[in-house]
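Text of the file entry_3.cif, holding mmCIF, C-alpha atoms and all ligand atoms:
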data_my_file
loop_
_atom_site.group_PDB
_atom_site.id
_atom_site.type_symbol
_atom_site.label_atom_id
_atom_site.label_comp_id
_atom_site.auth_asym_id
_atom_site.auth_seq_id
_atom_site.Cartn_x
_atom_site.Cartn_y
_atom_site.Cartn_z
ATOM 1 C CA MET O 4 -26.017 21.739 25.396
ATOM 2 C CA ALA O 5 -27.930 18.757 24.020
ATOM 3 C CA VAL O 6 -29.875 19.402 20.848
ATOM 4 C CA GLU O 7 -33.599 18.683 21.211
ATOM 5 C CA LEU O 8 -34.612 15.960 18.749
ATOM 6 C CA GLN O 9 -38.030 17.549 18.460
ATOM 7 C CA HIS O 10 -36.364 20.782 17.319
ATOM 8 C CA ILE O 11 -34.285 18.876 14.767
ATOM 9 C CA LYS O 12 -37.442 17.295 13.342
ATOM 10 C CA GLU O 13 -39.229 20.654 13.202
ATOM 11 C CA VAL O 14 -36.310 22.221 11.362
ATOM 12 C CA MET O 15 -36.726 19.688 8.571
ATOM 13 C CA ALA O 16 -40.514 19.948 8.535
ATOM 14 C CA GLU O 17 -40.300 23.748 8.143
ATOM 15 C CA ALA O 18 -37.330 23.904 5.744
ATOM 16 C CA ASP O 19 -37.538 24.997 2.113
ATOM 17 C CA CYS O 20 -36.305 22.398 -0.379
ATOM 18 C CA LEU O 21 -34.040 24.313 -2.783
ATOM 19 C CA PHE O 22 -32.828 21.284 -4.776
ATOM 20 C CA THR O 23 -34.348 17.809 -4.954
ATOM 21 C CA GLU O 24 -32.358 14.589 -4.898
ATOM 22 C CA ALA O 25 -32.760 14.409 -8.693
ATOM 23 C CA ASP O 26 -31.352 17.964 -9.069
ATOM 24 C CA VAL O 27 -28.329 17.034 -6.961
ATOM 25 C CA GLU O 28 -27.712 13.770 -8.794
ATOM 26 C CA ALA O 29 -27.836 15.594 -12.146
ATOM 27 C CA ALA O 30 -25.381 18.209 -10.861
ATOM 28 C CA LEU O 31 -23.018 15.470 -9.625
ATOM 29 C CA GLN O 32 -23.115 13.817 -13.041
ATOM 30 C CA ARG O 33 -22.231 17.142 -14.735
ATOM 31 C CA MET O 34 -19.351 17.612 -12.304
ATOM 32 C CA ALA O 35 -18.128 14.064 -12.931
ATOM 33 C CA ASP O 36 -18.223 14.594 -16.707
ATOM 34 C CA ASP O 37 -16.149 17.756 -16.324
ATOM 35 C CA ILE O 38 -13.674 16.142 -13.944
ATOM 36 C CA ASN O 39 -13.306 13.154 -16.283
ATOM 37 C CA THR O 40 -12.539 15.460 -19.182
ATOM 38 C CA ARG O 41 -9.917 17.461 -17.307
ATOM 39 C CA LEU O 42 -8.259 15.070 -14.838
ATOM 40 C CA SER O 43 -8.487 11.525 -16.188
ATOM 41 C CA ASP O 44 -4.786 11.405 -17.148
ATOM 42 C CA SER O 45 -3.463 13.212 -14.069
ATOM 43 C CA ASN O 46 -3.115 10.330 -11.565
ATOM 44 C CA PRO O 47 -4.574 12.549 -8.824
ATOM 45 C CA ILE O 48 -4.813 12.196 -5.087
ATOM 46 C CA VAL O 49 -8.451 12.951 -4.293
ATOM 47 C CA TYR O 50 -9.206 14.295 -0.825
ATOM 48 C CA SER O 51 -12.635 14.505 0.711
ATOM 49 C CA VAL O 52 -12.905 17.295 3.285
ATOM 50 C CA MET O 53 -14.570 15.806 6.368
ATOM 51 C CA ASN O 54 -17.279 15.884 7.457
ATOM 52 C CA GLY O 55 -19.261 17.747 4.835
ATOM 53 C CA GLY O 56 -17.454 16.239 1.838
ATOM 54 C CA LEU O 57 -18.277 12.662 2.842
ATOM 55 C CA ILE O 58 -21.585 12.228 1.001
ATOM 56 C CA ILE O 59 -20.569 14.132 -2.129
ATOM 57 C CA SER O 60 -17.310 12.199 -2.407
ATOM 58 C CA GLY O 61 -19.115 8.888 -2.009
ATOM 59 C CA LYS O 62 -21.486 9.828 -4.822
ATOM 60 C CA LEU O 63 -18.873 11.370 -7.106
ATOM 61 C CA LEU O 64 -15.954 8.975 -6.948
ATOM 62 C CA PRO O 65 -17.706 5.956 -8.540
ATOM 63 C CA LYS O 66 -18.493 8.214 -11.510
ATOM 64 C CA LEU O 67 -14.760 8.822 -12.098
ATOM 65 C CA PRO O 68 -13.427 5.705 -13.873
ATOM 66 C CA PHE O 69 -9.704 6.493 -13.899
ATOM 67 C CA PRO O 70 -6.728 5.745 -11.637
ATOM 68 C CA MET O 71 -6.590 7.831 -8.500
ATOM 69 C CA GLU O 72 -5.617 7.620 -4.849
ATOM 70 C CA VAL O 73 -8.221 8.623 -2.290
ATOM 71 C CA GLY O 74 -7.946 10.067 1.196
ATOM 72 C CA TYR O 75 -9.449 12.618 3.524
ATOM 73 C CA LEU O 76 -8.586 15.855 5.216
ATOM 74 C CA HIS O 77 -10.461 17.166 8.190
ATOM 75 C CA ALA O 78 -10.670 20.889 8.686
ATOM 76 C CA THR O 79 -13.619 22.637 10.273
ATOM 77 C CA ARG O 80 -14.517 26.220 11.114
ATOM 78 C CA TYR O 81 -18.263 26.051 11.815
ATOM 79 C CA ARG O 82 -18.225 23.234 14.404
ATOM 80 C CA ASN O 83 -22.024 22.861 14.595
ATOM 81 C CA LYS O 84 -22.585 26.629 14.605
ATOM 82 C CA LEU O 85 -24.416 28.686 11.975
ATOM 83 C CA SER O 86 -21.471 30.984 11.237
ATOM 84 C CA GLY O 87 -17.785 30.238 10.711
ATOM 85 C CA GLY O 88 -14.817 30.987 12.958
ATOM 86 C CA GLU O 89 -11.152 30.116 12.903
ATOM 87 C CA LEU O 90 -10.155 27.050 10.863
ATOM 88 C CA PHE O 91 -9.322 24.066 13.044
ATOM 89 C CA TRP O 92 -7.323 21.206 11.485
ATOM 90 C CA LYS O 93 -8.228 17.724 12.700
ATOM 91 C CA ALA O 94 -6.414 15.622 10.077
ATOM 92 C CA ARG O 95 -3.878 16.506 7.419
ATOM 93 C CA ALA O 96 -2.655 14.550 4.384
ATOM 94 C CA GLU O 97 -0.982 11.183 4.840
ATOM 95 C CA HIS O 98 0.474 11.031 1.300
ATOM 96 C CA SER O 99 3.461 12.950 0.028
ATOM 97 C CA LEU O 100 1.968 15.655 -2.209
ATOM 98 C CA ALA O 101 5.258 16.581 -3.903
ATOM 99 C CA GLY O 102 4.731 16.954 -7.639
ATOM 100 C CA ARG O 103 1.199 15.511 -7.492
ATOM 101 C CA THR O 104 -2.128 16.640 -8.837
ATOM 102 C CA VAL O 105 -4.611 16.995 -5.984
ATOM 103 C CA LEU O 106 -8.400 17.241 -6.203
ATOM 104 C CA ILE O 107 -10.181 18.538 -3.099
ATOM 105 C CA ILE O 108 -13.872 17.642 -2.776
ATOM 106 C CA ASP O 109 -16.162 19.528 -0.388
ATOM 107 C CA ASP O 110 -19.879 20.117 -0.058
ATOM 108 C CA ILE O 111 -19.937 23.915 -0.171
ATOM 109 C CA LEU O 112 -17.882 26.961 -0.948
ATOM 110 C CA ASP O 113 -19.443 29.505 1.376
ATOM 111 C CA GLU O 114 -17.023 32.262 2.419
ATOM 112 C CA GLY O 115 -14.233 30.085 1.066
ATOM 113 C CA HIS O 116 -11.791 30.313 3.972
ATOM 114 C CA THR O 117 -11.805 26.531 4.388
ATOM 115 C CA LEU O 118 -10.979 25.761 0.750
ATOM 116 C CA ALA O 119 -8.469 28.616 0.493
ATOM 117 C CA ALA O 120 -6.564 27.279 3.517
ATOM 118 C CA ILE O 121 -6.630 23.704 2.207
ATOM 119 C CA VAL O 122 -5.388 24.751 -1.239
ATOM 120 C CA GLU O 123 -2.575 26.751 0.373
ATOM 121 C CA TYR O 124 -1.677 23.782 2.565
ATOM 122 C CA CYS O 125 -1.490 21.439 -0.466
ATOM 123 C CA ARG O 126 0.639 23.913 -2.433
ATOM 124 C CA ASP O 127 2.977 24.380 0.535
ATOM 125 C CA ALA O 128 3.296 20.573 0.686
ATOM 126 C CA GLY O 129 4.571 20.606 -2.900
ATOM 127 C CA ALA O 130 1.479 19.670 -4.938
ATOM 128 C CA GLU O 131 1.986 20.661 -8.582
ATOM 129 C CA HIS O 132 -1.703 21.244 -9.380
ATOM 130 C CA VAL O 133 -4.517 21.696 -6.873
ATOM 131 C CA TYR O 134 -8.113 21.480 -8.103
ATOM 132 C CA THR O 135 -11.254 22.030 -6.067
ATOM 133 C CA ALA O 136 -14.751 20.592 -6.514
ATOM 134 C CA VAL O 137 -17.828 21.652 -4.538
ATOM 135 C CA LEU O 138 -21.456 20.708 -4.917
ATOM 136 C CA LEU O 139 -22.642 24.203 -3.925
ATOM 137 C CA ASP O 140 -21.344 27.751 -4.251
ATOM 138 C CA LYS O 141 -23.227 30.162 -2.001
ATOM 139 C CA GLN O 142 -23.967 33.461 -3.725
ATOM 140 C CA HIS O 143 -22.857 36.538 -1.725
ATOM 141 C CA ASP O 144 -20.018 39.058 -1.650
ATOM 142 C CA ARG O 145 -18.259 37.742 1.471
ATOM 143 C CA LYS O 146 -15.801 35.395 -0.298
ATOM 144 C CA ALA O 147 -12.239 35.019 1.014
ATOM 145 C CA TYR O 148 -11.173 36.915 -2.113
ATOM 146 C CA PRO O 149 -13.291 38.566 -4.816
ATOM 147 C CA GLY O 150 -14.433 36.246 -7.595
ATOM 148 C CA MET O 151 -13.415 33.081 -5.745
ATOM 149 C CA ARG O 152 -14.817 29.935 -7.447
ATOM 150 C CA ALA O 153 -13.995 26.237 -7.287
ATOM 151 C CA ASP O 154 -12.649 24.570 -10.431
ATOM 152 C CA PHE O 155 -15.734 22.342 -10.512
ATOM 153 C CA THR O 156 -19.068 23.564 -9.124
ATOM 154 C CA GLY O 157 -22.332 21.642 -9.085
ATOM 155 C CA MET O 158 -24.843 24.430 -8.442
ATOM 156 C CA ASP O 159 -25.034 27.983 -7.158
ATOM 157 C CA VAL O 160 -27.199 28.349 -4.081
ATOM 158 C CA GLU O 161 -28.826 31.353 -2.465
ATOM 159 C CA ASP O 162 -27.405 33.057 0.601
ATOM 160 C CA ARG O 163 -29.267 31.138 3.301
ATOM 161 C CA TYR O 164 -28.268 28.527 5.889
ATOM 162 C CA ILE O 165 -28.269 25.240 3.960
ATOM 163 C CA PHE O 166 -28.334 21.588 4.998
ATOM 164 C CA GLY O 167 -28.524 18.139 3.358
ATOM 165 C CA TYR O 168 -26.133 16.034 1.254
ATOM 166 C CA GLY O 169 -23.314 16.408 3.761
ATOM 167 C CA LEU O 170 -24.182 19.855 5.101
ATOM 168 C CA ASP O 171 -25.388 19.848 8.680
ATOM 169 C CA TYR O 172 -27.733 21.749 10.894
ATOM 170 C CA LYS O 173 -26.228 21.491 14.427
ATOM 171 C CA GLY O 174 -24.666 18.157 13.467
ATOM 172 C CA TYR O 175 -27.909 16.733 12.002
ATOM 173 C CA TRP O 176 -29.428 16.224 8.553
ATOM 174 C CA ARG O 177 -26.180 15.590 6.646
ATOM 175 C CA ASN O 178 -28.133 12.534 5.474
ATOM 176 C CA ALA O 179 -31.024 14.560 4.013
ATOM 177 C CA ALA O 180 -31.598 13.608 0.365
ATOM 178 C CA GLY O 181 -31.860 17.098 -1.059
ATOM 179 C CA ILE O 182 -30.635 20.623 -0.367
ATOM 180 C CA PHE O 183 -32.732 22.443 2.218
ATOM 181 C CA ALA O 184 -32.688 25.995 3.574
ATOM 182 C CA LEU O 185 -33.363 26.764 7.215
ATOM 183 C CA LYS O 186 -36.604 28.667 7.756
ATOM 184 C CA GLY O 187 -35.909 32.334 8.383
ATOM 185 C CA HIS O 188 -32.159 32.161 7.569
HETATM 186 O O1 LIG M 201 -16.443 28.360 2.702
HETATM 187 P P1 LIG M 201 -16.445 28.344 4.198
HETATM 188 O O2 LIG M 201 -17.190 29.548 4.757
HETATM 189 O O3 LIG M 201 -15.088 28.209 4.795
HETATM 190 O O4 LIG M 201 -17.348 27.129 4.672
HETATM 191 C C1 LIG M 201 -17.328 25.886 4.009
HETATM 192 C C2 LIG M 201 -16.925 24.792 4.948
HETATM 193 O O5 LIG M 201 -17.817 24.767 6.054
HETATM 194 C C3 LIG M 201 -18.329 23.465 6.221
HETATM 195 O O6 LIG M 201 -17.524 22.716 7.070
HETATM 196 P P2 LIG M 201 -17.635 22.852 8.664
HETATM 197 O O7 LIG M 201 -16.607 23.794 9.177
HETATM 198 O O8 LIG M 201 -19.067 23.142 9.024
HETATM 199 O O9 LIG M 201 -17.257 21.414 9.135
HETATM 200 P P3 LIG M 201 -18.082 20.086 8.808
HETATM 201 O O10 LIG M 201 -17.840 19.779 7.350
HETATM 202 O O11 LIG M 201 -17.521 19.058 9.723
HETATM 203 O O12 LIG M 201 -19.547 20.387 9.063
HETATM 204 C C4 LIG M 201 -18.304 22.883 4.825
HETATM 205 O O13 LIG M 201 -18.290 21.472 4.867
HETATM 206 C C5 LIG M 201 -17.040 23.450 4.251
HETATM 207 O O14 LIG M 201 -15.900 22.648 4.542
HETATM 208 O O1 LIG M 202 -24.928 27.039 4.816
HETATM 209 C C1 LIG M 202 -24.231 26.181 5.412
HETATM 210 N N1 LIG M 202 -24.792 25.092 6.001
HETATM 211 C C2 LIG M 202 -24.081 24.154 6.651
HETATM 212 N N2 LIG M 202 -22.753 24.208 6.776
HETATM 213 C C3 LIG M 202 -22.126 25.257 6.209
HETATM 214 N N3 LIG M 202 -20.809 25.529 6.185
HETATM 215 C C4 LIG M 202 -20.680 26.664 5.514
HETATM 216 N N4 LIG M 202 -21.878 27.134 5.105
HETATM 217 C C5 LIG M 202 -22.809 26.263 5.530
#
Now that the file is in, can you turn its structure into structure tokens?
Amino acid sequence: MAVELQHIKEVMAEADCLFTEADVEAALQRMADDINTRLSDSNPIVYSVMNGGLIISGKLLPKLPFPMEVGYLHATRYRNKLSGGELFWKARAEHSLAGRTVLIIDDILDEGHTLAAIVEYCRDAGAEHVYTAVLLDKQHDRKAYPGMRADFTGMDVEDRYIFGYGLDYKGYWRNAAGIFALKGH
């Protein structure tokens, strides 16, 4: 069913801004500083998880001034819905991961099934170290396993439906310059 543009505009007009663009940029700089400290000598392959990881990766990578290879993976389990289902792989790694350090960049660790599956996939493909970086970690007790965290996290976010900076609402507002929560969710 086509999404009504008027509805999409209303969603933004009624949303709560949880983090401004300046908050996000500061969080990305903190993440970059941490990643530089820990991975600058590791010659990593850095994978952005499409689609949500696109904006974060584009902002983060120029802040990492060390040798790396860059690519993308595409795995999705929300597919424009508000809750997740089974993970569907659209694109896997093109590089050989054997013996490599891999850094996975995504927008959010929500329940964590997406990142857990990607980490397992990279390990199965022979990666020696697999690191994960997310802008947001949603706070609730529904994680894929208790205590699950990414290696690098920008900010914790409350347990609401979030969009902006790569995160979508029904395919829209990935371009929003801030982190917004859907009214009533
Ligand atoms: O921690 P989880 O509960 O597994 O959810 C997190 C994943 O969900 C979103 O992707 P989505 O499946 O919506 O695909 P998209 O990035 O193309 O929007 C997000 O970009 C993460 O990859
Ligand atoms: O809160 C969310 N918003 C958008 N996409 C998502 N994917 C997982 N959680 C979310």
Self-check item: Selection as a VMD selection string: residues within 9 Å of ligand LIG 202 (chain M) by all atoms listed in the file
Solution: chain O and resid 55 79 to 87 110 to 115 117 141 162 to 167 169 to 173 177 184 to 185
Practice problem: Take CA of Asp19 (chain O) and atom O12 of ligand LIG 201 (chain M) and report the distance between them in Å, one decimal. | Solution: 19.8 Å
Practice problem: Compile the contact shell of Leu57 (chain O) as an MDAnalysis selection string: residues with an atom at most 10 Å away, counting only C-alpha atoms, same-chain residues fewer than 3 positions apart removed. | Solution: chainID O and resid 50:54 60:62 75 108:110 168:170 177
Exercise. Please write as a PyMOL selection string the full residue list that the PyMOL selection byres (((chain O and resi 67) around 8) and not hetatm) yields on this file.
Key: chain O and resi 35+38-39+43+63-66+68-69
Would you list the contacts of Asp37 (chain O) as a compact mmCIF listing (two decimals) with C-alpha atoms, in the frame of the given file, taking every protein, DNA or RNA residue within 12 Å and counting all atoms listed in the file, but skipping same-chain residues closer than 4 positions in sequence?
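Final output, saved to result-v3.txt:
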# COMPACT_ATOMS: atom_id res chain seq x y z
CA ALA O 30 -25.38 18.21 -10.86
CA LEU O 31 -23.02 15.47 -9.62
CA GLN O 32 -23.12 13.82 -13.04
CA ARG O 33 -22.23 17.14 -14.74
CA ARG O 41 -9.92 17.46 -17.31
CA LEU O 42 -8.26 15.07 -14.84
CA SER O 43 -8.49 11.52 -16.19
CA LEU O 63 -18.87 11.37 -7.11
CA LYS O 66 -18.49 8.21 -11.51
CA LEU O 67 -14.76 8.82 -12.10
CA ALA O 136 -14.75 20.59 -6.51
CA ASP O 154 -12.65 24.57 -10.43
CA PHE O 155 -15.73 22.34 -10.51
CA THR O 156 -19.07 23.56 -9.12
CA GLY O 157 -22.33 21.64 -9.09
Quiz item: Any chance you could work out the residue set of the PyMOL selection byres (((chain O and resi 99) around 10) and not hetatm) here, as number ranges by chain?
Solution: O: 48, 96-98, 100-103, 125, 128-130
Exercise. Enumerate, as number ranges by chain, the residues matched when the PyMOL selection byres (((chain O and resi 20) around 9) and not hetatm) is run on the file above.
Key: O: 18-19, 21-23, 181-184
For ligand LIG 201 (chain M), take all atoms listed in the file, fit an axis-aligned box around them, add 8 Å to each of the six sides, then output centre and edge lengths in Å rounded to one decimal, as JSON.
{"center_x": -17.3, "center_y": 24.3, "center_z": 6.2, "size_x": 20.5, "size_y": 26.5, "size_z": 23.0}
Practice problem: Compare O:Leu138, O:Ala180, O:Ile11, O:Ala16 by their minimum atom-to-atom distance to ligand LIG 201 (chain M), counting all atoms listed in the file, and give me the closest one. | Solution: O:Leu138
Quiz item: Looking at all atoms listed in the file, which of O:His10, O:His143, O:His132, O:His77 is the one that sits closest to ligand LIG 201 (chain M)?
Solution: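 Closest to ligand LIG 201 (chain M), using all atoms listed in the file: O:His77.
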Self-check item: Shortest interatomic distance to Leu8 (chain O) - which of O:Tyr148, O:Tyr124, O:Phe91, O:Tyr175, counting all atoms listed in the file
Solution: O:Tyr175
Quiz item: Using only C-alpha atoms, which of O:Leu139, O:Ala94, O:Val6, O:Ile107 sits nearest Val122 (chain O)?
Solution: O:Ile107
Quiz prompt | Separation of CA of Ala78 (chain O) from CA of Pro149 (chain O), in Å and rounded to one decimal | solution =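 Result for CA of Ala78 (chain O) versus CA of Pro149 (chain O): 22.4 Å, one decimal.
Of the residues under consideration (O:Glu131, O:Glu89, O:Glu24, O:Asp36), O:Glu89 shows the shortest atom-to-atom contact distance to ligand LIG 201 (chain M) when counting all atoms listed in the file.
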Exercise. Would you work out the distance separating atom P1 of ligand LIG 201 (chain M) from CA of Leu118 (chain O), expressed in Å to one decimal?
Key: 7.0 Å
Quiz item: Counting all atoms listed in the file, which of O:Thr135, O:Gly56, O:Asp127, O:Glu72 gets nearest to ligand LIG 201 (chain M)?
Solution: O:Gly56
Practice problem: Do a neighbour search on Val105 (chain O) at 6 Å with only C-alpha atoms, toss out local chain neighbours closer than 5 positions, and write the hits as a list in words. | Solution: Pro47, Ile48, Val49 and Val133 of chain O
